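Trainee: File model.txt below, compact mmCIF, C-alpha atoms:
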```
# COMPACT_ATOMS: atom_id res chain seq x y z
CA MET G 1 11.37 15.20 23.80
CA ALA G 2 9.04 16.36 21.02
CA VAL G 3 9.14 14.10 17.99
CA LYS G 4 7.53 14.58 14.60
CA ILE G 5 4.97 11.92 13.69
CA GLN G 6 3.48 11.34 10.25
CA LEU G 7 -0.17 10.28 10.18
CA PHE G 8 -2.05 8.40 7.49
CA GLY G 9 -5.52 7.19 6.58
CA GLN G 10 -8.12 7.40 9.35
CA LEU G 11 -5.55 8.85 11.78
CA LYS G 12 -4.90 11.77 9.47
CA GLN G 13 -8.62 12.32 9.23
CA ILE G 14 -9.34 12.05 12.98
CA THR G 15 -6.54 14.42 13.94
CA GLY G 16 -6.98 16.73 10.95
CA ALA G 17 -3.20 16.74 10.42
CA SER G 18 -0.69 14.82 8.32
CA GLU G 19 2.11 15.66 10.77
CA ILE G 20 2.03 16.29 14.51
CA PHE G 21 4.58 16.73 17.29
CA MET G 22 4.32 14.57 20.39
CA ASP G 23 6.35 14.23 23.57
CA ALA G 24 7.42 10.60 23.88
CA SER G 25 10.64 8.76 24.67
CA ASP G 26 9.40 5.36 23.49
CA THR G 27 6.59 3.92 21.38
CA ASP G 28 4.42 2.81 24.33
CA GLU G 29 4.51 6.36 25.66
CA LEU G 30 3.59 7.61 22.21
CA VAL G 31 0.49 5.38 22.11
CA ARG G 32 -0.62 6.69 25.53
CA ALA G 33 0.02 10.31 24.50
CA MET G 34 -1.98 9.83 21.30
CA ALA G 35 -4.97 8.39 23.21
CA ASP G 36 -4.85 11.31 25.68
CA ARG G 37 -4.68 13.99 23.05
CA TYR G 38 -7.02 12.39 20.52
CA PRO G 39 -9.81 10.49 22.30
CA GLY G 40 -11.50 10.16 18.89
CA ILE G 41 -8.97 7.44 17.99
CA GLY G 42 -10.93 5.16 20.32
CA ASN G 43 -10.42 1.53 19.36
CA LEU G 44 -8.74 2.19 16.03
CA THR G 45 -5.72 -0.08 15.80
CA TYR G 46 -2.54 1.13 14.16
CA LEU G 47 1.06 0.08 13.65
CA ILE G 48 4.05 2.26 14.44
CA ALA G 49 6.85 2.59 11.91
CA VAL G 50 10.28 3.80 12.99
CA ASP G 51 12.52 4.70 10.08
CA ARG G 52 10.07 3.00 7.70
CA ASN G 53 10.04 -0.32 9.57
CA VAL G 54 7.14 -1.53 11.67
CA VAL G 55 8.07 -2.06 15.33
CA LEU G 56 5.91 -4.41 17.39
CA ALA G 57 7.66 -4.31 20.80
CA ASN G 58 8.16 -1.12 22.79
CA THR G 59 11.00 0.80 21.13
CA ALA G 60 13.03 3.80 22.30
CA ILE G 61 12.56 6.88 20.15
CA LYS G 62 15.72 8.77 19.22
CA THR G 63 16.11 12.26 17.84
CA GLY G 64 16.04 12.41 14.07
CA GLN G 65 14.10 9.18 13.55
CA GLU G 66 11.23 9.07 11.08
CA LEU G 67 8.04 8.08 12.90
CA ALA G 68 4.70 7.20 11.36
CA LEU G 69 1.39 5.78 12.59
CA LEU G 70 -0.26 3.36 10.19
CA PRO G 71 -3.93 2.29 10.39
CA PRO G 72 -4.84 -1.11 8.84
CA TYR G 73 -3.75 -1.21 5.19
CA SER G 74 -6.26 -1.38 2.37
CA GLY G 75 -4.26 -1.17 -0.83
CA GLY G 76 -4.84 -3.15 -3.99
CA MET U 1 20.77 -5.12 0.93
CA ASN U 2 21.41 -3.73 -2.47
CA GLN U 3 17.92 -2.91 -3.62
CA LYS U 4 16.98 -0.63 -6.45
CA ILE U 5 14.00 1.47 -5.38
CA LYS U 6 11.53 1.63 -8.27
CA ASN U 7 8.46 3.81 -8.15
CA ILE U 8 5.26 1.77 -8.35
CA PHE U 9 2.83 4.64 -7.93
CA VAL U 10 0.73 6.03 -10.74
CA LYS U 11 -1.47 9.09 -10.34
CA GLY U 12 -5.01 8.12 -11.28
CA ALA U 13 -6.29 4.93 -12.88
CA ILE U 14 -4.07 2.50 -14.82
CA SER U 15 -5.23 2.57 -18.43
CA PRO U 16 -5.72 -0.57 -20.54
CA ALA U 17 -3.44 1.08 -23.14
CA PHE U 18 -0.61 1.32 -20.58
CA ILE U 19 -1.06 -2.38 -19.74
CA GLY U 20 -0.95 -3.24 -23.44
CA GLU U 21 2.25 -1.24 -23.92
CA LYS U 22 3.91 -3.09 -21.03
CA ILE U 23 3.00 -6.45 -22.58
CA ALA U 24 4.31 -5.34 -25.98
CA ALA U 25 7.59 -4.18 -24.41
CA HIS U 26 8.39 -7.80 -23.52
CA GLN U 27 8.28 -9.21 -27.06
CA SER U 28 12.03 -8.73 -27.40
CA LYS U 29 12.73 -10.76 -24.24
CA THR U 30 12.64 -14.15 -25.90
CA ASP U 31 13.77 -16.22 -22.90
CA ILE U 32 10.31 -15.59 -21.42
CA GLY U 33 7.79 -18.41 -21.89
CA ALA U 34 4.99 -17.22 -19.61
CA HIS U 35 3.51 -14.00 -18.30
CA SER U 36 1.00 -13.68 -15.51
CA ILE U 37 -1.02 -10.55 -14.92
CA PHE U 38 -3.21 -9.48 -12.03
CA LEU U 39 -5.46 -6.46 -12.41
CA GLY U 40 -7.27 -4.99 -9.43
CA GLN U 41 -10.46 -3.14 -10.37
CA VAL U 42 -12.51 -0.79 -8.21
CA ARG U 43 -15.75 -2.59 -7.39
CA ALA U 44 -19.14 -0.88 -7.08
CA ASP U 45 -19.87 -2.24 -3.60
CA LEU U 46 -23.22 -1.56 -2.01
CA VAL U 47 -22.95 -0.65 1.69
CA GLU U 48 -26.18 0.04 3.58
CA ASN U 49 -27.91 0.93 0.33
CA LYS U 50 -25.21 3.35 -0.74
CA GLN U 51 -23.14 2.57 -3.80
CA VAL U 52 -19.39 3.11 -3.94
CA ALA U 53 -18.54 5.58 -6.71
CA ALA U 54 -14.75 5.69 -6.32
CA VAL U 55 -11.85 4.77 -4.05
CA ASP U 56 -9.36 7.45 -3.05
CA TYR U 57 -5.91 5.88 -2.47
CA THR U 58 -3.15 7.39 -0.36
CA SER U 59 0.14 5.89 0.79
CA TYR U 60 3.17 6.35 2.99
CA GLU U 61 5.11 6.28 -0.24
CA ALA U 62 8.68 6.21 1.06
CA MET U 63 7.97 3.15 3.22
CA ALA U 64 5.81 1.44 0.59
CA LEU U 65 8.58 1.71 -2.00
CA GLU U 66 11.17 0.28 0.39
CA GLN U 67 8.85 -2.60 1.29
CA MET U 68 8.12 -3.23 -2.39
CA ALA U 69 11.85 -3.29 -3.20
CA ALA U 70 12.32 -5.99 -0.55
CA ILE U 71 9.36 -8.00 -1.92
CA ARG U 72 10.74 -7.64 -5.44
CA GLU U 73 14.16 -8.97 -4.48
CA MET U 74 12.62 -11.89 -2.58
CA MET U 75 10.16 -12.85 -5.34
CA ILE U 76 12.65 -12.61 -8.21
CA GLU U 77 14.97 -14.94 -6.33
CA LYS U 78 12.28 -17.36 -5.11
CA TYR U 79 10.64 -17.83 -8.52
CA SER U 80 13.62 -17.08 -10.81
CA LEU U 81 11.56 -14.40 -12.52
CA THR U 82 12.80 -12.83 -15.70
CA CYS U 83 10.75 -9.69 -15.11
CA MET U 84 8.44 -8.24 -12.49
CA HIS U 85 6.44 -5.02 -12.68
CA VAL U 86 4.03 -3.53 -10.16
CA TYR U 87 1.90 -0.40 -10.52
CA HIS U 88 -0.55 0.92 -7.93
CA SER U 89 -2.81 3.93 -8.32
CA LEU U 90 -2.96 6.93 -6.02
CA GLY U 91 -5.81 9.41 -5.92
CA LYS U 92 -9.45 8.94 -6.79
CA ILE U 93 -10.17 5.87 -8.96
CA GLY U 94 -13.69 5.40 -10.30
CA ILE U 95 -15.62 2.12 -10.23
CA GLY U 96 -14.63 -0.15 -13.09
CA GLU U 97 -11.17 1.38 -13.37
CA ILE U 98 -7.90 -0.47 -12.75
CA CYS U 99 -5.99 0.44 -9.58
CA LEU U 100 -3.40 -2.38 -9.33
CA PHE U 101 -1.35 -4.02 -12.09
CA VAL U 102 1.05 -6.84 -11.24
CA PHE U 103 2.97 -8.38 -14.14
CA THR U 104 5.37 -11.30 -13.73
CA SER U 105 7.36 -13.09 -16.41
CA ALA U 106 9.32 -16.33 -16.25
CA ARG U 107 10.52 -19.19 -18.44
CA HIS U 108 7.52 -21.35 -17.45
CA ARG U 109 3.93 -20.73 -16.39
CA LYS U 110 3.97 -22.05 -12.81
CA ALA U 111 6.65 -19.65 -11.64
CA ALA U 112 4.91 -16.71 -13.33
CA THR U 113 1.44 -17.47 -11.92
CA ASP U 114 2.59 -18.46 -8.40
CA ALA U 115 4.78 -15.37 -8.14
CA CYS U 116 2.01 -13.09 -9.36
CA SER U 117 -0.40 -14.47 -6.79
CA GLU U 118 2.08 -14.21 -3.90
CA ILE U 119 3.05 -10.67 -4.86
CA VAL U 120 -0.60 -9.53 -4.82
CA GLU U 121 -1.08 -11.03 -1.34
CA ARG U 122 2.11 -9.40 -0.06
CA ILE U 123 1.12 -6.02 -1.50
CA LYS U 124 -2.23 -6.16 0.27
CA ALA U 125 -0.71 -7.34 3.57
CA THR U 126 2.45 -5.26 3.85
CA LEU U 127 2.34 -2.06 1.80
CA PRO U 128 1.18 1.04 3.70
CA ILE U 129 -1.60 2.06 1.31
CA TRP U 130 -5.10 3.17 2.30
CA GLY U 131 -8.28 3.29 0.27
CA GLN U 132 -11.18 5.48 1.21
CA GLU U 133 -14.43 4.41 -0.44
CA ILE U 134 -16.38 7.41 -1.68
CA PHE U 135 -20.12 6.89 -2.08
CA GLU U 136 -22.38 8.48 -4.66
CA ASP U 137 -23.68 10.94 -2.04
CA GLU U 138 -20.07 12.06 -1.28
CA SER U 139 -20.01 10.32 2.12
CA TYR U 140 -17.18 7.83 2.65
CA GLN U 141 -15.80 4.92 4.63
CA TRP U 142 -12.30 3.46 4.94
CA LYS U 143 -11.88 0.32 2.89
CA MET U 144 -11.04 -2.94 4.69
CA ASN U 145 -9.12 -5.62 2.83
CA LYS U 146 -10.69 -9.06 2.93
CA PRO U 147 -8.75 -12.32 2.77
CA ALA U 148 -8.26 -13.30 -0.90
```
Translate this structure into structure tokens?

Mentor:
Amino acid sequence: MAVKIQLFGQLKQITGASEIFMDASDTDELVRAMADRYPGIGNLTYLIAVDRNVVLANTAIKTGQELALLPPYSGG
Amino acid sequence: MNQKIKNIFVKGAISPAFIGEKIAAHQSKTDIGAHSIFLGQVRADLVENKQVAAVDYTSYEAMALEQMAAIREMMIEKYSLTCMHVYHSLGKIGIGEICLFVFTSARHRKAATDACSEIVERIKATLPIWGQEIFEDESYQWKMNKPA
């Protein structure tokens, strides 16, 4: 299932895109797919937000959900 | 949760005049006995002999505003605040300019100052905002927040 992912900060810069489509049925699969497609991510850590909430454990991805990958914050 | 989503984002730097207007707007709220204000300013850091000229801020705005609404509700209740205002810049902010303005008001000083301090820490820890430091030679690096 292809899902739309929003990218921010360094991830947007590494991939050259603010939105991408990835095939993933859960968030662990998404992390593996990202590393395969974008080796440049390397050791960059990021959080995954599903419907604007950070998920820490592996989470199933459902059609229509809003997904985003968030590098470490540096606001303020 | 019945949260009102307020926009905190300002395009460009936060001007001292804007801050002054916000203070003045509270003169009619006479149950307030104390205000506390935090202002974040873009610092001219030196990194490997290159000086920061500006920080370019971006955000996942929809999520940041939802998170901020939750923080607002929690802080107003915890500290019995009369008022609470938060403004954060987006876009390129030059060194010496203000990029974060947190303004809390309460009946007494301790609630206002403690709330202001906690809100700043929560903003830095939980709002999806990114700052890219732009150096004088146009090169850049992603900003990393340091503890307090």

Trainee: Closest to chain U among G:Val50, G:Met22, G:Ile5, G:Leu70, using only C-alpha atoms?

Mentor: G:Leu70

Trainee: Could you list, as a PyMOL selection string, every residue within 10 Å of stretch 27-44 of chain G, counting only C-alpha atoms and ignoring same-chain residues fewer than 6 positions away?

Mentor: chain G and resi 3+5+10-11+14-15+50+55-61+67+69+71-72

Trainee: Any idea what's packed within 6 Å of stretch 92-108 of chain U, counting only C-alpha atoms, ignoring anything in its chain fewer than 3 positions away? Could you give it as a PyMOL selection string?

Mentor: (chain G and resi 76) or (chain U and resi 13-14+32-44+53-56+81-89+112+116)

Trainee: Rounded to one decimal place, report the atom CA of U:Asn145-atom CA of G:Lys12 distance in Å.

Mentor: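 So the two atoms, atom CA of U:Asn145 and atom CA of G:Lys12, lie 19.1 Å apart.
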
Trainee: Report as a tab-separated table the residues of chain G within 6 Å of chain U, each with its shortest atom pair and distance in Å (one decimal), using all atoms listed in the file, ordered by chain and increasing residue number.

Mentor:
```
residue	atom	partner	partner_atom	distance
G:Gly9	CA	U:Trp130	CA	5.9
G:Arg52	CA	U:Met63	CA	5.0
G:Tyr73	CA	U:Trp130	CA	5.4
G:Ser74	CA	U:Trp130	CA	4.7
G:Gly75	CA	U:Ile129	CA	4.7
G:Gly76	CA	U:Leu100	CA	5.6
```

Trainee: In Å to one decimal, how far is atom CA of U:Gly91 from atom CA of U:Arg122?

Mentor: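 Those two atoms sit 21.2 Å apart.
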
Trainee: Interatomic distance between atom CA of U:Ala70 and atom CA of U:Asp114?

Mentor: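 Taking atom CA of U:Ala70 and atom CA of U:Asp114, their separation equals 17.7 Å.
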
Trainee: Go through U:Ile23, U:Ala148, U:Ala115, U:Leu46 one by one, measure the shortest atom-to-atom distance of each to U:Glu133 using all atoms listed in the file, and give the residue with the smallest value.

Mentor: U:Leu46
